[in-house]
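Heads up, my_file-v2.cif below (mmCIF, C-alpha atoms):
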data_my_file
loop_
_atom_site.group_PDB
_atom_site.id
_atom_site.type_symbol
_atom_site.label_atom_id
_atom_site.label_comp_id
_atom_site.auth_asym_id
_atom_site.auth_seq_id
_atom_site.Cartn_x
_atom_site.Cartn_y
_atom_site.Cartn_z
ATOM 1 C CA MET P 1 -8.720 -17.403 -13.572
ATOM 2 C CA ASN P 2 -11.858 -19.219 -12.385
ATOM 3 C CA GLU P 3 -10.155 -20.037 -9.187
ATOM 4 C CA GLN P 4 -9.295 -16.393 -8.696
ATOM 5 C CA LYS P 5 -12.876 -15.307 -9.183
ATOM 6 C CA ALA P 6 -14.122 -17.714 -6.575
ATOM 7 C CA THR P 7 -12.054 -16.259 -3.779
ATOM 8 C CA GLU P 8 -13.325 -13.283 -1.840
ATOM 9 C CA LEU P 9 -10.826 -10.605 -1.057
ATOM 10 C CA LYS P 10 -10.385 -9.757 2.576
ATOM 11 C CA VAL P 11 -8.900 -6.700 4.147
ATOM 12 C CA LYS P 12 -5.349 -7.543 5.078
ATOM 13 C CA GLY P 13 -4.495 -4.366 6.906
ATOM 14 C CA LYS P 14 -1.399 -2.510 5.969
ATOM 15 C CA GLN P 15 1.769 -3.738 7.565
ATOM 16 C CA GLU P 16 3.520 -1.021 9.415
ATOM 17 C CA ILE P 17 7.250 -1.318 9.249
ATOM 18 C CA SER P 18 9.030 -2.766 12.228
ATOM 19 C CA GLY P 19 12.718 -2.283 12.606
ATOM 20 C CA THR P 20 15.360 -0.710 14.676
ATOM 21 C CA SER P 21 16.057 2.356 12.606
ATOM 22 C CA GLU P 22 13.841 5.338 13.165
ATOM 23 C CA GLN P 23 12.560 7.681 10.524
ATOM 24 C CA THR P 24 13.691 11.251 10.539
ATOM 25 C CA ARG P 25 10.409 12.517 9.195
ATOM 26 C CA PRO P 26 7.140 11.964 10.996
ATOM 27 C CA GLY P 27 4.509 9.814 9.388
ATOM 28 C CA LEU P 28 3.753 6.183 8.916
ATOM 29 C CA VAL P 29 5.850 3.739 6.931
ATOM 30 C CA PHE P 30 4.303 0.643 5.426
ATOM 31 C CA THR P 31 5.668 -2.518 3.886
ATOM 32 C CA PRO P 32 4.231 -3.026 0.415
ATOM 33 C CA ASP P 33 2.967 -6.460 -0.588
ATOM 34 C CA VAL P 34 5.195 -7.938 -3.248
ATOM 35 C CA ASP P 35 5.332 -10.785 -5.705
ATOM 36 C CA ILE P 36 8.784 -11.844 -6.786
ATOM 37 C CA PHE P 37 9.389 -14.358 -9.483
ATOM 38 C CA GLU P 38 12.332 -15.479 -11.485
ATOM 39 C CA THR P 39 12.787 -16.735 -14.988
ATOM 40 C CA ASP P 40 15.986 -17.846 -16.633
ATOM 41 C CA LEU P 41 16.588 -14.332 -17.879
ATOM 42 C CA SER P 42 15.374 -12.019 -15.168
ATOM 43 C CA LEU P 43 14.001 -11.431 -11.742
ATOM 44 C CA THR P 44 10.697 -9.545 -11.600
ATOM 45 C CA LEU P 45 9.249 -7.774 -8.618
ATOM 46 C CA LEU P 46 5.698 -6.486 -8.373
ATOM 47 C CA ALA P 47 4.818 -4.233 -5.477
ATOM 48 C CA ASP P 48 1.438 -2.828 -4.485
ATOM 49 C CA MET P 49 1.949 0.826 -3.719
ATOM 50 C CA PRO P 50 -1.390 2.584 -4.068
ATOM 51 C CA GLY P 51 -1.249 6.355 -4.096
ATOM 52 C CA VAL P 52 2.436 6.545 -4.963
ATOM 53 C CA THR P 53 3.345 8.792 -7.859
ATOM 54 C CA ALA P 54 6.299 8.208 -10.173
ATOM 55 C CA ASP P 55 8.165 11.316 -9.044
ATOM 56 C CA LEU P 56 8.081 10.177 -5.424
ATOM 57 C CA LEU P 57 9.165 6.634 -6.122
ATOM 58 C CA SER P 58 12.766 5.622 -5.811
ATOM 59 C CA VAL P 59 14.385 2.318 -6.631
ATOM 60 C CA ASP P 60 17.959 1.904 -5.597
ATOM 61 C CA LEU P 61 20.300 -1.004 -6.136
ATOM 62 C CA ARG P 62 23.709 -1.009 -4.602
ATOM 63 C CA ASP P 63 25.878 -3.709 -3.052
ATOM 64 C CA ASP P 64 23.246 -6.332 -3.902
ATOM 65 C CA THR P 65 20.682 -4.490 -1.802
ATOM 66 C CA LEU P 66 17.534 -3.335 -3.508
ATOM 67 C CA THR P 67 15.667 -0.544 -1.780
ATOM 68 C CA ILE P 68 12.226 0.607 -2.807
ATOM 69 C CA THR P 69 10.804 3.785 -1.338
ATOM 70 C CA GLY P 70 7.483 5.205 -2.417
ATOM 71 C CA GLY P 71 6.138 8.467 -1.176
ATOM 72 C CA MET P 72 2.717 9.944 -1.459
ATOM 73 C CA PRO P 73 1.888 13.475 -2.383
ATOM 74 C CA PRO P 74 1.246 15.514 0.760
ATOM 75 C CA TYR P 75 -2.185 15.169 2.234
ATOM 76 C CA ARG P 76 -4.228 17.713 0.321
ATOM 77 C CA TYR P 77 -7.562 17.272 1.936
ATOM 78 C CA LYS P 78 -7.055 19.170 5.150
ATOM 79 C CA GLU P 79 -10.373 20.946 4.784
ATOM 80 C CA GLU P 80 -12.216 17.639 4.643
ATOM 81 C CA LYS P 81 -13.551 16.278 7.878
ATOM 82 C CA PRO P 82 -12.978 12.554 8.450
ATOM 83 C CA LEU P 83 -16.163 10.603 9.118
ATOM 84 C CA MET P 84 -14.928 7.060 8.884
ATOM 85 C CA ILE P 85 -11.308 6.069 8.446
ATOM 86 C CA GLU P 86 -10.409 2.460 7.751
ATOM 87 C CA TYR P 87 -6.963 2.775 6.263
ATOM 88 C CA GLU P 88 -4.046 5.068 6.757
ATOM 89 C CA THR P 89 -1.606 6.434 4.275
ATOM 90 C CA GLY P 90 2.114 6.923 4.445
ATOM 91 C CA THR P 91 5.378 6.027 2.831
ATOM 92 C CA TYR P 92 6.170 2.568 1.499
ATOM 93 C CA TYR P 93 9.579 1.124 2.169
ATOM 94 C CA ARG P 94 11.097 -2.272 1.585
ATOM 95 C CA GLN P 95 14.549 -3.685 1.162
ATOM 96 C CA PHE P 96 15.735 -6.920 -0.397
ATOM 97 C CA SER P 97 19.130 -8.472 -0.714
ATOM 98 C CA LEU P 98 19.686 -10.006 -4.099
ATOM 99 C CA SER P 99 21.661 -13.139 -4.627
ATOM 100 C CA GLU P 100 21.698 -12.901 -8.408
ATOM 101 C CA ILE P 101 23.993 -10.698 -10.385
ATOM 102 C CA ILE P 102 21.833 -8.058 -11.993
ATOM 103 C CA ASP P 103 22.556 -6.175 -15.152
ATOM 104 C CA GLN P 104 22.198 -2.707 -13.711
ATOM 105 C CA GLN P 105 22.049 -0.994 -17.090
ATOM 106 C CA ARG P 106 18.913 -2.779 -18.187
ATOM 107 C CA ILE P 107 16.762 -2.487 -15.066
ATOM 108 C CA ASP P 108 13.268 -1.481 -16.009
ATOM 109 C CA ALA P 109 10.735 0.054 -13.633
ATOM 110 C CA GLN P 110 7.133 0.766 -14.466
ATOM 111 C CA LEU P 111 4.485 2.206 -12.211
ATOM 112 C CA LYS P 112 0.929 1.594 -13.301
ATOM 113 C CA ASN P 113 -2.278 1.920 -11.295
ATOM 114 C CA GLY P 114 -0.381 1.834 -8.046
ATOM 115 C CA VAL P 115 1.673 -1.248 -8.871
ATOM 116 C CA LEU P 116 5.406 -1.091 -9.399
ATOM 117 C CA ARG P 117 6.786 -3.606 -11.838
ATOM 118 C CA LEU P 118 10.514 -3.925 -11.626
ATOM 119 C CA THR P 119 12.377 -6.111 -14.070
ATOM 120 C CA LEU P 120 15.913 -6.955 -13.086
ATOM 121 C CA PRO P 121 17.696 -8.757 -15.912
ATOM 122 C CA LYS P 122 20.320 -11.240 -14.889
ATOM 123 C CA VAL P 123 23.775 -10.882 -16.264
ATOM 124 C CA ALA P 124 24.000 -13.286 -19.156
ATOM 125 C CA LYS P 125 26.043 -16.300 -18.169
ATOM 126 C CA THR P 126 26.860 -17.142 -21.745
ATOM 127 C CA VAL P 127 28.844 -13.973 -22.191
ATOM 128 C CA PRO P 128 32.301 -14.773 -20.930
ATOM 129 C CA ARG P 129 33.746 -12.020 -18.885
ATOM 130 C CA LYS P 130 37.167 -11.276 -20.070
ATOM 131 C CA ILE P 131 39.554 -10.330 -17.369
ATOM 132 C CA VAL P 132 42.466 -8.343 -18.514
ATOM 133 C CA ILE P 133 45.605 -8.987 -16.584
ATOM 134 C CA ASN P 134 48.032 -6.198 -16.523
ATOM 135 C CA ALA P 135 51.563 -7.326 -16.136
ATOM 136 C CA ASP P 136 54.507 -5.114 -16.270
ATOM 137 C CA MET A 1 29.951 -23.551 38.973
ATOM 138 C CA ILE A 2 26.804 -21.621 39.694
ATOM 139 C CA TYR A 3 28.666 -18.425 39.023
ATOM 140 C CA LYS A 4 29.783 -19.625 35.613
ATOM 141 C CA SER A 5 26.398 -20.767 34.372
ATOM 142 C CA ALA A 6 24.715 -17.549 35.385
ATOM 143 C CA PHE A 7 27.044 -15.530 33.190
ATOM 144 C CA GLY A 8 27.035 -17.924 30.289
ATOM 145 C CA PHE A 9 23.268 -18.039 30.035
ATOM 146 C CA PRO A 10 22.503 -17.034 26.465
ATOM 147 C CA ALA A 11 18.720 -16.720 26.347
ATOM 148 C CA TRP A 12 18.367 -13.099 27.364
ATOM 149 C CA ASN A 13 17.749 -11.257 24.155
ATOM 150 C CA PHE A 14 17.431 -7.702 25.308
ATOM 151 C CA ARG A 15 17.436 -6.347 21.783
ATOM 152 C CA ARG A 16 14.286 -8.221 20.863
ATOM 153 C CA ALA A 17 12.513 -7.009 23.963
ATOM 154 C CA PHE A 18 13.316 -3.414 23.117
ATOM 155 C CA GLU A 19 12.112 -3.836 19.555
ATOM 156 C CA GLU A 20 8.721 -4.775 20.918
ATOM 157 C CA PHE A 21 8.673 -1.689 23.116
ATOM 158 C CA ASP A 22 9.637 0.371 20.122
ATOM 159 C CA ARG A 23 6.715 -0.952 18.127
ATOM 160 C CA MET A 24 4.317 -0.199 20.955
ATOM 161 C CA ARG A 25 5.667 3.278 21.333
ATOM 162 C CA ARG A 26 5.183 3.971 17.643
ATOM 163 C CA GLN A 27 1.622 2.829 17.883
ATOM 164 C CA MET A 28 1.018 5.179 20.795
ATOM 165 C CA ASP A 29 2.647 8.007 18.858
ATOM 166 C CA ARG A 30 0.374 7.370 15.958
ATOM 167 C CA PHE A 31 -2.732 7.833 18.046
ATOM 168 C CA ALA A 32 -1.328 10.771 19.906
ATOM 169 C CA SER A 33 -0.309 12.851 16.899
ATOM 170 C CA GLY A 34 -3.059 14.422 14.875
ATOM 171 C CA LEU A 35 -1.132 14.372 11.611
ATOM 172 C CA GLU A 36 -3.258 11.996 9.609
ATOM 173 C CA PRO A 37 -6.983 11.508 9.555
ATOM 174 C CA GLY A 38 -6.382 7.953 10.686
ATOM 175 C CA SER A 39 -5.180 8.949 14.096
ATOM 176 C CA GLY A 40 -7.845 9.538 16.631
ATOM 177 C CA GLU A 41 -10.980 7.891 17.862
ATOM 178 C CA ASN A 42 -12.663 7.424 14.506
ATOM 179 C CA TYR A 43 -10.165 4.881 13.213
ATOM 180 C CA GLN A 44 -12.002 1.632 12.712
ATOM 181 C CA LYS A 45 -11.887 -1.686 10.918
ATOM 182 C CA THR A 46 -14.764 -3.617 9.436
ATOM 183 C CA GLY A 47 -12.850 -6.345 7.651
ATOM 184 C CA VAL A 48 -14.848 -5.999 4.437
ATOM 185 C CA PHE A 49 -12.747 -5.338 1.347
ATOM 186 C CA PRO A 50 -11.965 -2.703 0.295
ATOM 187 C CA ALA A 51 -11.118 -0.573 3.281
ATOM 188 C CA LEU A 52 -12.805 2.801 2.770
ATOM 189 C CA ASN A 53 -12.112 6.259 4.011
ATOM 190 C CA LEU A 54 -15.093 8.582 4.165
ATOM 191 C CA THR A 55 -14.622 12.295 4.521
ATOM 192 C CA GLU A 56 -16.837 15.302 3.943
ATOM 193 C CA ASP A 57 -16.675 18.992 3.326
ATOM 194 C CA GLY A 58 -19.508 21.495 3.002
ATOM 195 C CA HIS A 59 -20.622 20.274 -0.428
ATOM 196 C CA ASN A 60 -19.451 16.697 -0.913
ATOM 197 C CA TYR A 61 -18.802 13.362 0.670
ATOM 198 C CA TYR A 62 -15.612 11.667 -0.486
ATOM 199 C CA ILE A 63 -15.003 7.957 -0.451
ATOM 200 C CA ARG A 64 -11.516 6.688 -1.075
ATOM 201 C CA ALA A 65 -10.260 3.151 -1.456
ATOM 202 C CA GLU A 66 -6.880 1.704 -2.299
ATOM 203 C CA LEU A 67 -7.211 -0.762 -5.148
ATOM 204 C CA PRO A 68 -3.730 -1.184 -6.617
ATOM 205 C CA GLY A 69 -3.399 -2.968 -9.923
ATOM 206 C CA MET A 70 -7.051 -2.669 -10.826
ATOM 207 C CA VAL A 71 -8.389 -1.098 -13.967
ATOM 208 C CA SER A 72 -11.521 1.035 -13.977
ATOM 209 C CA GLU A 73 -13.324 -1.457 -16.266
ATOM 210 C CA ASP A 74 -13.197 -4.060 -13.509
ATOM 211 C CA LEU A 75 -14.802 -1.742 -10.997
ATOM 212 C CA ASP A 76 -18.543 -1.309 -10.566
ATOM 213 C CA ILE A 77 -19.991 1.529 -8.534
ATOM 214 C CA GLN A 78 -23.720 1.889 -8.016
ATOM 215 C CA VAL A 79 -25.908 4.184 -5.987
ATOM 216 C CA THR A 80 -29.420 3.459 -4.748
ATOM 217 C CA GLY A 81 -30.807 6.167 -2.527
ATOM 218 C CA LYS A 82 -28.270 6.505 0.273
ATOM 219 C CA ASN A 83 -26.579 3.200 -0.457
ATOM 220 C CA LEU A 84 -23.385 3.074 -2.413
ATOM 221 C CA SER A 85 -22.049 -0.239 -3.601
ATOM 222 C CA ILE A 86 -18.517 -0.846 -4.803
ATOM 223 C CA SER A 87 -17.742 -4.194 -6.329
ATOM 224 C CA GLY A 88 -15.190 -5.637 -8.667
ATOM 225 C CA VAL A 89 -12.622 -8.257 -9.397
ATOM 226 C CA ARG A 90 -8.957 -7.820 -8.841
ATOM 227 C CA LYS A 91 -7.048 -9.889 -11.339
ATOM 228 C CA ILE A 92 -3.440 -10.859 -11.250
ATOM 229 C CA LEU A 93 -2.559 -12.030 -14.687
ATOM 230 C CA PRO A 94 -0.442 -15.149 -14.998
ATOM 231 C CA GLU A 95 3.169 -14.486 -15.786
ATOM 232 C CA ALA A 96 5.374 -16.152 -18.347
ATOM 233 C CA GLU A 97 5.779 -19.913 -18.396
ATOM 234 C CA GLY A 98 8.498 -21.189 -16.171
ATOM 235 C CA ALA A 99 8.336 -18.329 -13.703
ATOM 236 C CA ARG A 100 9.446 -19.530 -10.305
ATOM 237 C CA TYR A 101 7.882 -17.583 -7.481
ATOM 238 C CA HIS A 102 9.930 -16.543 -4.497
ATOM 239 C CA ARG A 103 7.219 -14.503 -2.858
ATOM 240 C CA ARG A 104 3.512 -14.219 -3.446
ATOM 241 C CA GLU A 105 1.915 -11.692 -1.177
ATOM 242 C CA ARG A 106 -0.419 -9.879 -3.538
ATOM 243 C CA GLU A 107 -3.911 -11.276 -3.717
ATOM 244 C CA ALA A 108 -6.516 -11.548 -6.397
ATOM 245 C CA GLY A 109 -10.231 -12.082 -6.002
ATOM 246 C CA LYS A 110 -13.620 -10.490 -6.106
ATOM 247 C CA PHE A 111 -15.152 -8.101 -3.652
ATOM 248 C CA ALA A 112 -18.383 -6.298 -2.988
ATOM 249 C CA ARG A 113 -19.165 -3.723 -0.414
ATOM 250 C CA VAL A 114 -22.345 -1.801 0.268
ATOM 251 C CA PHE A 115 -22.078 1.319 2.267
ATOM 252 C CA THR A 116 -24.735 3.662 3.644
ATOM 253 C CA LEU A 117 -23.974 7.318 3.244
ATOM 254 C CA PRO A 118 -24.669 9.542 6.210
ATOM 255 C CA GLY A 119 -26.891 11.974 4.300
ATOM 256 C CA VAL A 120 -29.054 12.480 1.241
ATOM 257 C CA VAL A 121 -27.000 12.886 -1.943
ATOM 258 C CA MET A 122 -27.440 13.950 -5.544
ATOM 259 C CA ALA A 123 -26.997 10.567 -7.188
ATOM 260 C CA GLU A 124 -26.860 11.940 -10.743
ATOM 261 C CA LYS A 125 -23.843 14.129 -9.963
ATOM 262 C CA ILE A 126 -21.550 11.511 -8.449
ATOM 263 C CA ASN A 127 -18.091 11.534 -9.909
ATOM 264 C CA ALA A 128 -15.533 8.748 -9.642
ATOM 265 C CA ASP A 129 -11.832 8.991 -10.344
ATOM 266 C CA PHE A 130 -9.286 6.212 -10.342
ATOM 267 C CA SER A 131 -5.648 7.172 -10.394
ATOM 268 C CA ASN A 132 -2.444 5.626 -9.033
ATOM 269 C CA GLY A 133 -4.484 2.732 -7.703
ATOM 270 C CA VAL A 134 -6.667 4.920 -5.517
ATOM 271 C CA LEU A 135 -10.374 5.255 -6.169
ATOM 272 C CA THR A 136 -11.981 8.542 -5.195
ATOM 273 C CA VAL A 137 -15.742 8.913 -5.378
ATOM 274 C CA SER A 138 -17.007 12.466 -4.925
ATOM 275 C CA ILE A 139 -20.641 12.538 -3.910
ATOM 276 C CA PRO A 140 -22.372 15.926 -3.879
ATOM 277 C CA LYS A 141 -24.699 16.409 -0.959
ATOM 278 C CA ALA A 142 -28.336 17.190 -1.611
ATOM 279 C CA GLU A 143 -29.440 20.628 -0.491
ATOM 280 C CA GLU A 144 -31.141 19.158 2.558
ATOM 281 C CA SER A 145 -27.934 17.532 3.875
ATOM 282 C CA LYS A 146 -25.764 20.616 3.466
ATOM 283 C CA PRO A 147 -25.046 22.580 6.588
ATOM 284 C CA ARG A 148 -27.157 25.694 6.757
ATOM 285 C CA LYS A 149 -26.225 28.737 8.707
ATOM 286 C CA ILE A 150 -29.048 29.919 10.917
ATOM 287 C CA LEU A 151 -29.233 33.625 11.407
ATOM 288 C CA ILE A 152 -30.127 34.828 14.862
ATOM 289 C CA ASN A 153 -32.401 37.824 14.881
#
Please, can you express the file's structure as structure tokens?
Amino acid sequence: MNEQKATELKVKGKQEISGTSEQTRPGLVFTPDVDIFETDLSLTLLADMPGVTADLLSVDLRDDTLTITGGMPPYRYKEEKPLMIEYETGTYYRQFSLSEIIDQQRIDAQLKNGVLRLTLPKVAKTVPRKIVINAD
Amino acid sequence: MIYKSAFGFPAWNFRRAFEEFDRMRRQMDRFASGLEPGSGENYQKTGVFPALNLTEDGHNYYIRAELPGMVSEDLDIQVTGKNLSISGVRKILPEAEGARYHRREREAGKFARVFTLPGVVMAEKINADFSNGVLTVSIPKAEESKPRKILIN
């Protein structure tokens, strides 16, 4: 913790997405900063998504591809005049391919103070998967 | 022989070149479209954390900053005359023992920023709100900084 206090935070600048596919809706798309760590039981992902509300957040896992999309409520401050703008807002989007087998039923997602915490439990290896062979 | 090597030459990656063009085009689009307050000539970078957006309407100045993962107790906002200071510590709590990190992009640390407001404000009526990781400070303008309509006789 002491080490953390000693460091000064610097503006990183939001990473705008770069890819080949184009968005259908206008607006900017950013890559959220993430921490991913793994324990014996689960894989946890933390993503910084300031301004994203729970109803506009979607987490999708299919074919070992995890997709996180976070939208922001529409810009409500049209009547305000910008004087100094240092950051821009937009949608957050990021995709990961997972190598672990995830227990889809027990995925837990929490959004708190603009940080998404996604817990992806691994399928327990100790539980033997019984394969029923149908023979007739 | 010359003919063969010219056609077998693998280094031309046209796809990559077009990706770069695509990125440039998007950047141009961003400045050309007036959709967001960020597009246009008043987009700037100071490099001091946190990045702030300052807007105004007839009655208030608004300062917004993205501070994901912070709690309001770790934030300190002070006003002295026209100067507003925002400081705090962003903590990332250690995770469980034996956690093996694959990626570590989020950063922790302290920050302090002092900012001069463009006009005189009513310091006692400043209101700060922190929700979804976005800090919004609403600063009411003093009567003397509000726009006044001048009647022409």
Expected answer as an NGL selection string: chain P residues within 7 Å of chain A, all atoms listed in the file: :P and (4-11 or 18 or 20 or 33-39 or 48-53 or 79-88 or 112-115)
Residues in the PyMOL selection byres ((chain A and resi 146) around 9), expressed as a PyMOL selection string: chain A and resi 58-60+119+141-145+147-148
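The neighbours of Leu120 of chain P here are the residues that come within 10 Å of it, using only C-alpha atoms and leaving out any residue fewer than 4 positions away in the same chain; they are Glu38, Leu41, Ser42, Leu43, Thr44, Leu45, Glu100, Ile101, Ile102, Asp103, Gln104, Gln105, Arg106, Ile107, Asp108 and Ala109 of chain P.
Going from atom CA of Leu56 of chain P to atom CA of Thr91 of chain P covers 9.6 Å.
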Å distance separating atom CA of Asp60 of chain P from atom CA of Gly13 of chain P, one decimal place: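 Between atom CA of Asp60 of chain P and atom CA of Gly13 of chain P the gap is 26.5 Å.
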Spatial neighbours of Glu16 of chain P, max dist 9 Å, all atoms listed in the file, sep filter under 3 positions, as JSON, numbers by chain: {"P": [28, 29, 30, 31]}
Exercise: Glu124 of chain A partners within 10 Å, all atoms listed in the file, chain neighbours under 3 positions left out, as a PyMOL selection string: chain A and resi 79+121+127+139-140
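Taking atom CA of Ala123 of chain A and atom CA of Asp74 of chain A as endpoints, the distance between them is 21.1 Å.
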Is it possible to get the axis-aligned box enclosing segment 93-108 of chain P (all listed atoms, 6 Å extra per side) as AutoDock Vina command-line options, with centre and edge lengths in Å rounded to one decimal?
--center_x 16.8 --center_y -6.0 --center_z -8.0 --size_x 26.4 --size_y 26.3 --size_z 32.4
Expected selection from the PyMOL selection byres ((chain P and resi 94) around 9), given as JSON, numbers by chain: {"P": [17, 30, 31, 32, 66, 67, 68, 69, 92, 93, 95, 96]}
